[in-house]
Amino acid sequence: MKRLKTGLLAVSCFSVAVALSFSAAMAAQDPPPAEAPPADVGTGKEPPPTEVTDEEKAKAAKALELAKSGKKELVDGKWQLEDGTPTYNIVKEGDAIKQVDWYTYSGWRRYHAECHVCHGPNAEGSTFAPALADSLKTMTYEKFLQVVSSGQRRDVGGTLFIMPALGDNKNVMCYIDDLYVYIKARASGDLPGGRLSPDQRAEKPKEAREYEDSCLGD
């Protein structure tokens, strides 16, 4: 399945709370404390409510099961499930991570550059945004694309969470599959929290280079 590619214009980061450079985020041993994003509640700008259906939950659970069972294949440099959904590939020695595929590594970098200020380090959530490592246990790839590109408004136990639409943000949408497979790996438990080093990554596929040049160059 190809990545979603729309007419993209650079706008606010996935977390929308604060603008952080990637170098600053990666230089710190622990990410800086998050600041709450501006609330759009009541302004008419918030996205419509989005609910996850039972059918979507079942599909998301199956994707996790297939990824953990190893039922996936490498197609054009990207690991995917039998239905074409992108997924991760993690090689371990005991409990230690020996290698992750390129997209998972890239997703880790992109997440901590664009998303962690709201959603917390390692996709574990914060006081004003949910843990995506939990959300993707019941969210399909298609729903993930929809929510990230179009936004979402959810009421969880009386707490209103607003995810802004990021369909115009190249720094997010050009790496949407990377973000998805990283968070899915965290949701499955196959990838523990913490830093990934360059020597733990697989080589960047030429298809990833070509897509990146095409997407960012438009």
# chains A, B, ... in the order shown; residues from 1 in each chain; ligands from 1
call {"tool": "residues_around", "arguments": {"residues": "Val100 of chain A", "least_positions_apart": "5", "cutoff": "6 Å", "atoms": "only C-alpha atoms", "output": "PyMOL selection string"}}
result
chain A and resi 89-90+201
call {"tool": "select_by_dssp", "arguments": {"residues": "segment 54-144 of chain A", "states": "strand (DSSP E or B)", "output": "PDB file with all heavy atoms, in the first residue's frame"}}
result
ATOM      1  N   GLU A  73       5.837  -9.826   4.779  1.00  0.00           N
ATOM      2  CA  GLU A  73       6.824  -9.983   3.717  1.00  0.00           C
ATOM      3  C   GLU A  73       7.420  -8.630   3.350  1.00  0.00           C
ATOM      4  O   GLU A  73       6.816  -7.582   3.590  1.00  0.00           O
ATOM      5  CB  GLU A  73       6.184 -10.624   2.481  1.00  0.00           C
ATOM      6  CG  GLU A  73       5.028  -9.829   1.889  1.00  0.00           C
ATOM      7  CD  GLU A  73       4.426 -10.513   0.675  1.00  0.00           C
ATOM      8  OE1 GLU A  73       5.109 -11.365   0.093  1.00  0.00           O
ATOM      9  OE2 GLU A  73       3.284 -10.178   0.319  1.00  0.00           O
ATOM     10  N   LEU A  74       8.608  -8.684   2.772  1.00  0.00           N
ATOM     11  CA  LEU A  74       9.318  -7.482   2.366  1.00  0.00           C
ATOM     12  C   LEU A  74       8.985  -7.203   0.899  1.00  0.00           C
ATOM     13  O   LEU A  74       9.286  -8.008   0.025  1.00  0.00           O
ATOM     14  CB  LEU A  74      10.821  -7.672   2.552  1.00  0.00           C
ATOM     15  CG  LEU A  74      11.718  -6.454   2.333  1.00  0.00           C
ATOM     16  CD1 LEU A  74      11.384  -5.354   3.330  1.00  0.00           C
ATOM     17  CD2 LEU A  74      13.192  -6.861   2.455  1.00  0.00           C
ATOM     18  N   VAL A  75       8.356  -6.059   0.657  1.00  0.00           N
ATOM     19  CA  VAL A  75       7.940  -5.674  -0.686  1.00  0.00           C
ATOM     20  C   VAL A  75       8.473  -4.280  -0.990  1.00  0.00           C
ATOM     21  O   VAL A  75       8.131  -3.315  -0.292  1.00  0.00           O
ATOM     22  CB  VAL A  75       6.396  -5.684  -0.829  1.00  0.00           C
ATOM     23  CG1 VAL A  75       5.985  -5.253  -2.235  1.00  0.00           C
ATOM     24  CG2 VAL A  75       5.846  -7.066  -0.510  1.00  0.00           C
ATOM     25  N   LYS A  78       9.878  -2.394   1.924  1.00  0.00           N
ATOM     26  CA  LYS A  78       9.004  -2.113   3.079  1.00  0.00           C
ATOM     27  C   LYS A  78       8.303  -3.397   3.515  1.00  0.00           C
ATOM     28  O   LYS A  78       7.768  -4.143   2.689  1.00  0.00           O
ATOM     29  CB  LYS A  78       7.959  -1.064   2.700  1.00  0.00           C
ATOM     30  CG  LYS A  78       7.016  -0.693   3.834  1.00  0.00           C
ATOM     31  CD  LYS A  78       5.962   0.309   3.380  1.00  0.00           C
ATOM     32  CE  LYS A  78       6.581   1.616   2.984  1.00  0.00           C
ATOM     33  NZ  LYS A  78       5.536   2.634   2.669  1.00  0.00           N
ATOM     34  N   TRP A  79       8.307  -3.657   4.831  1.00  0.00           N
ATOM     35  CA  TRP A  79       7.600  -4.807   5.362  1.00  0.00           C
ATOM     36  C   TRP A  79       6.109  -4.532   5.373  1.00  0.00           C
ATOM     37  O   TRP A  79       5.668  -3.434   5.721  1.00  0.00           O
ATOM     38  CB  TRP A  79       8.095  -5.135   6.762  1.00  0.00           C
ATOM     39  CG  TRP A  79       9.478  -5.694   6.761  1.00  0.00           C
ATOM     40  CD1 TRP A  79      10.645  -4.995   6.880  1.00  0.00           C
ATOM     41  CD2 TRP A  79       9.844  -7.064   6.597  1.00  0.00           C
ATOM     42  NE1 TRP A  79      11.731  -5.838   6.804  1.00  0.00           N
ATOM     43  CE2 TRP A  79      11.278  -7.118   6.625  1.00  0.00           C
ATOM     44  CE3 TRP A  79       9.129  -8.250   6.432  1.00  0.00           C
ATOM     45  CZ2 TRP A  79      11.961  -8.313   6.498  1.00  0.00           C
ATOM     46  CZ3 TRP A  79       9.826  -9.442   6.309  1.00  0.00           C
ATOM     47  CH2 TRP A  79      11.221  -9.463   6.345  1.00  0.00           C
ATOM     48  N   GLN A  80       5.314  -5.542   5.000  1.00  0.00           N
ATOM     49  CA  GLN A  80       3.872  -5.378   4.988  1.00  0.00           C
ATOM     50  C   GLN A  80       3.171  -6.690   5.298  1.00  0.00           C
ATOM     51  O   GLN A  80       3.736  -7.770   5.153  1.00  0.00           O
ATOM     52  CB  GLN A  80       3.397  -4.853   3.631  1.00  0.00           C
ATOM     53  CG  GLN A  80       3.660  -5.786   2.466  1.00  0.00           C
ATOM     54  CD  GLN A  80       3.173  -5.222   1.142  1.00  0.00           C
ATOM     55  OE1 GLN A  80       3.275  -4.016   0.893  1.00  0.00           O
ATOM     56  NE2 GLN A  80       2.633  -6.079   0.294  1.00  0.00           N
ATOM     57  N   PRO A  86       1.324  -1.600   5.918  1.00  0.00           N
ATOM     58  CA  PRO A  86       2.728  -1.548   6.351  1.00  0.00           C
ATOM     59  C   PRO A  86       2.881  -2.027   7.786  1.00  0.00           C
ATOM     60  O   PRO A  86       1.993  -1.829   8.615  1.00  0.00           O
ATOM     61  CB  PRO A  86       3.092  -0.068   6.205  1.00  0.00           C
ATOM     62  CG  PRO A  86       1.791   0.663   6.237  1.00  0.00           C
ATOM     63  CD  PRO A  86       0.789  -0.254   5.620  1.00  0.00           C
ATOM     64  N   ILE A  90      11.399  -6.376  13.536  1.00  0.00           N
ATOM     65  CA  ILE A  90      12.349  -6.187  14.627  1.00  0.00           C
ATOM     66  C   ILE A  90      13.090  -7.490  14.887  1.00  0.00           C
ATOM     67  O   ILE A  90      12.467  -8.545  15.050  1.00  0.00           O
ATOM     68  CB  ILE A  90      11.622  -5.721  15.911  1.00  0.00           C
ATOM     69  CG1 ILE A  90      10.940  -4.371  15.669  1.00  0.00           C
ATOM     70  CG2 ILE A  90      12.592  -5.621  17.082  1.00  0.00           C
ATOM     71  CD1 ILE A  90      10.057  -3.919  16.806  1.00  0.00           C
ATOM     72  N   VAL A  91      14.401  -7.407  14.896  1.00  0.00           N
ATOM     73  CA  VAL A  91      15.250  -8.569  15.174  1.00  0.00           C
ATOM     74  C   VAL A  91      15.836  -8.403  16.575  1.00  0.00           C
ATOM     75  O   VAL A  91      16.429  -7.368  16.887  1.00  0.00           O
ATOM     76  CB  VAL A  91      16.387  -8.695  14.142  1.00  0.00           C
ATOM     77  CG1 VAL A  91      17.257  -9.900  14.462  1.00  0.00           C
ATOM     78  CG2 VAL A  91      15.812  -8.797  12.731  1.00  0.00           C
ATOM     79  N   LYS A  92      15.674  -9.434  17.415  1.00  0.00           N
ATOM     80  CA  LYS A  92      16.141  -9.354  18.794  1.00  0.00           C
ATOM     81  C   LYS A  92      17.175 -10.433  19.087  1.00  0.00           C
ATOM     82  O   LYS A  92      17.206 -11.484  18.445  1.00  0.00           O
ATOM     83  CB  LYS A  92      14.972  -9.505  19.768  1.00  0.00           C
ATOM     84  CG  LYS A  92      13.957  -8.382  19.744  1.00  0.00           C
ATOM     85  CD  LYS A  92      12.902  -8.588  20.817  1.00  0.00           C
ATOM     86  CE  LYS A  92      11.904  -7.440  20.867  1.00  0.00           C
ATOM     87  NZ  LYS A  92      10.876  -7.645  21.925  1.00  0.00           N
ATOM     88  N   GLU A  93      18.018 -10.136  20.055  1.00  0.00           N
ATOM     89  CA  GLU A  93      18.902 -11.132  20.668  1.00  0.00           C
ATOM     90  C   GLU A  93      18.523 -11.188  22.138  1.00  0.00           C
ATOM     91  O   GLU A  93      18.889 -10.316  22.915  1.00  0.00           O
ATOM     92  CB  GLU A  93      20.370 -10.741  20.493  1.00  0.00           C
ATOM     93  CG  GLU A  93      20.881 -10.896  19.066  1.00  0.00           C
ATOM     94  CD  GLU A  93      22.369 -10.613  18.958  1.00  0.00           C
ATOM     95  OE1 GLU A  93      22.920 -10.028  19.920  1.00  0.00           O
ATOM     96  OE2 GLU A  93      22.972 -10.973  17.938  1.00  0.00           O
ATOM     97  N   ALA A  96      17.173  -7.898  23.891  1.00  0.00           N
ATOM     98  CA  ALA A  96      17.821  -6.725  23.303  1.00  0.00           C
ATOM     99  C   ALA A  96      17.443  -6.572  21.832  1.00  0.00           C
ATOM    100  O   ALA A  96      17.325  -7.551  21.098  1.00  0.00           O
ATOM    101  CB  ALA A  96      19.335  -6.839  23.431  1.00  0.00           C
ATOM    102  N   ILE A  97      17.263  -5.311  21.426  1.00  0.00           N
ATOM    103  CA  ILE A  97      16.962  -5.015  20.034  1.00  0.00           C
ATOM    104  C   ILE A  97      18.258  -5.030  19.230  1.00  0.00           C
ATOM    105  O   ILE A  97      19.161  -4.220  19.458  1.00  0.00           O
ATOM    106  CB  ILE A  97      16.285  -3.641  19.891  1.00  0.00           C
ATOM    107  CG1 ILE A  97      14.978  -3.583  20.697  1.00  0.00           C
ATOM    108  CG2 ILE A  97      16.014  -3.330  18.423  1.00  0.00           C
ATOM    109  CD1 ILE A  97      13.924  -4.542  20.231  1.00  0.00           C
ATOM    110  N   LYS A  98      18.365  -5.971  18.284  1.00  0.00           N
ATOM    111  CA  LYS A  98      19.538  -6.036  17.425  1.00  0.00           C
ATOM    112  C   LYS A  98      19.371  -5.126  16.222  1.00  0.00           C
ATOM    113  O   LYS A  98      20.293  -4.397  15.829  1.00  0.00           O
ATOM    114  CB  LYS A  98      19.783  -7.466  16.963  1.00  0.00           C
ATOM    115  CG  LYS A  98      21.008  -7.616  16.077  1.00  0.00           C
ATOM    116  CD  LYS A  98      21.227  -9.069  15.674  1.00  0.00           C
ATOM    117  CE  LYS A  98      22.452  -9.204  14.768  1.00  0.00           C
ATOM    118  NZ  LYS A  98      22.650 -10.625  14.361  1.00  0.00           N
ATOM    119  N   GLN A  99      18.184  -5.155  15.607  1.00  0.00           N
ATOM    120  CA  GLN A  99      17.945  -4.328  14.430  1.00  0.00           C
ATOM    121  C   GLN A  99      16.449  -4.087  14.236  1.00  0.00           C
ATOM    122  O   GLN A  99      15.630  -4.963  14.511  1.00  0.00           O
ATOM    123  CB  GLN A  99      18.514  -4.991  13.177  1.00  0.00           C
ATOM    124  CG  GLN A  99      18.454  -4.112  11.917  1.00  0.00           C
ATOM    125  CD  GLN A  99      19.004  -4.820  10.697  1.00  0.00           C
ATOM    126  OE1 GLN A  99      18.350  -5.676  10.111  1.00  0.00           O
ATOM    127  NE2 GLN A  99      20.234  -4.456  10.310  1.00  0.00           N
ATOM    128  N   VAL A 100      16.125  -2.880  13.781  1.00  0.00           N
ATOM    129  CA  VAL A 100      14.765  -2.568  13.353  1.00  0.00           C
ATOM    130  C   VAL A 100      14.831  -2.174  11.883  1.00  0.00           C
ATOM    131  O   VAL A 100      15.863  -1.715  11.391  1.00  0.00           O
ATOM    132  CB  VAL A 100      14.135  -1.428  14.185  1.00  0.00           C
ATOM    133  CG1 VAL A 100      14.078  -1.804  15.654  1.00  0.00           C
ATOM    134  CG2 VAL A 100      14.901  -0.121  14.009  1.00  0.00           C
TER     135      VAL A 100
END
call {"tool": "residues_around", "arguments": {"residues": "Ala185 of chain A", "least_positions_apart": "3", "cutoff": "9 Å", "atoms": "only C-alpha atoms", "output": "VMD selection string"}}
result
chain A and resid 64 67 to 68 87 to 90 104 133 180 to 182 188 to 192
call {"tool": "write_last_selection", "arguments": {"atoms": "N, CA, C and O atoms", "output": "tab-separated table (two decimals), in the first residue's frame"}}
result
chain	number	residue	atom	x	y	z
A	64	LEU	N	-2.08	-6.52	14.61
A	64	LEU	CA	-1.10	-6.72	15.68
A	64	LEU	C	-0.70	-8.19	15.78
A	64	LEU	O	0.48	-8.54	15.91
A	67	ALA	N	1.53	-9.17	12.82
A	67	ALA	CA	2.87	-8.59	12.94
A	67	ALA	C	3.70	-9.35	13.97
A	67	ALA	O	4.87	-9.65	13.75
A	68	LYS	N	3.08	-9.69	15.09
A	68	LYS	CA	3.80	-10.39	16.14
A	68	LYS	C	4.12	-11.83	15.75
A	68	LYS	O	5.11	-12.40	16.20
A	87	THR	N	4.00	-2.65	8.07
A	87	THR	CA	4.26	-3.13	9.42
A	87	THR	C	5.75	-3.06	9.70
A	87	THR	O	6.54	-2.66	8.85
A	88	TYR	N	6.11	-3.41	10.91
A	88	TYR	CA	7.50	-3.31	11.36
A	88	TYR	C	8.20	-4.66	11.27
A	88	TYR	O	7.56	-5.71	11.15
A	89	ASN	N	9.51	-4.63	11.35
A	89	ASN	CA	10.30	-5.86	11.45
A	89	ASN	C	11.41	-5.62	12.46
A	89	ASN	O	12.25	-4.73	12.27
A	90	ILE	N	11.40	-6.38	13.54
A	90	ILE	CA	12.35	-6.19	14.63
A	90	ILE	C	13.09	-7.49	14.89
A	90	ILE	O	12.47	-8.54	15.05
A	104	THR	N	10.67	1.75	10.75
A	104	THR	CA	10.46	1.84	12.20
A	104	THR	C	11.45	2.82	12.82
A	104	THR	O	11.08	3.64	13.68
A	133	ALA	N	0.42	4.55	21.73
A	133	ALA	CA	0.74	3.13	21.84
A	133	ALA	C	-0.48	2.34	22.28
A	133	ALA	O	-0.60	1.14	21.97
A	180	TYR	N	3.40	5.35	11.54
A	180	TYR	CA	2.45	4.28	11.83
A	180	TYR	C	3.17	3.02	12.31
A	180	TYR	O	2.79	2.43	13.33
A	181	VAL	N	4.21	2.58	11.58
A	181	VAL	CA	4.84	1.30	11.95
A	181	VAL	C	5.60	1.42	13.27
A	181	VAL	O	5.64	0.46	14.05
A	182	TYR	N	6.18	2.61	13.55
A	182	TYR	CA	6.84	2.79	14.84
A	182	TYR	C	5.82	2.68	15.98
A	182	TYR	O	6.03	1.94	16.95
A	188	SER	N	2.24	-3.06	20.00
A	188	SER	CA	2.32	-4.52	20.10
A	188	SER	C	3.16	-4.99	21.27
A	188	SER	O	3.05	-6.14	21.72
A	189	GLY	N	4.03	-4.12	21.77
A	189	GLY	CA	4.95	-4.52	22.83
A	189	GLY	C	6.25	-5.10	22.30
A	189	GLY	O	7.16	-5.42	23.07
A	190	ASP	N	6.35	-5.24	20.96
A	190	ASP	CA	7.58	-5.79	20.38
A	190	ASP	C	8.74	-4.80	20.45
A	190	ASP	O	9.91	-5.22	20.39
A	191	LEU	N	8.43	-3.52	20.54
A	191	LEU	CA	9.47	-2.50	20.63
A	191	LEU	C	9.35	-1.78	21.97
A	191	LEU	O	8.38	-1.05	22.21
A	192	PRO	N	10.30	-1.97	22.87
A	192	PRO	CA	10.25	-1.28	24.17
A	192	PRO	C	10.53	0.20	23.99
A	192	PRO	O	11.05	0.65	22.96
call {"tool": "residues_around", "arguments": {"residues": "Ala60 of chain A", "least_positions_apart": "4", "cutoff": "9 Å", "atoms": "only C-alpha atoms", "output": "compact mmCIF listing (two decimals) with C-alpha atoms, in the first residue's frame"}}
result
# COMPACT_ATOMS: atom_id res chain seq x y z
CA GLU A 55 -15.06 -3.90 12.93
CA GLU A 56 -12.08 -1.53 12.91
CA LEU A 64 -1.10 -6.72 15.68
CA GLU A 65 -1.44 -10.49 15.82
CA LEU A 136 -3.14 1.84 17.82
CA LYS A 137 -4.13 -1.34 19.55
CA THR A 138 -7.64 -0.64 18.26
CA MET A 139 -6.95 1.71 15.32
CA THR A 140 -6.49 0.51 11.77
CA TYR A 141 -3.97 1.87 9.29
call {"tool": "atom_distance", "arguments": {"atom1": "atom CA of Ser150 of chain A", "atom2": "atom CA of Asp168 of chain A"}}
result
9.6 Å
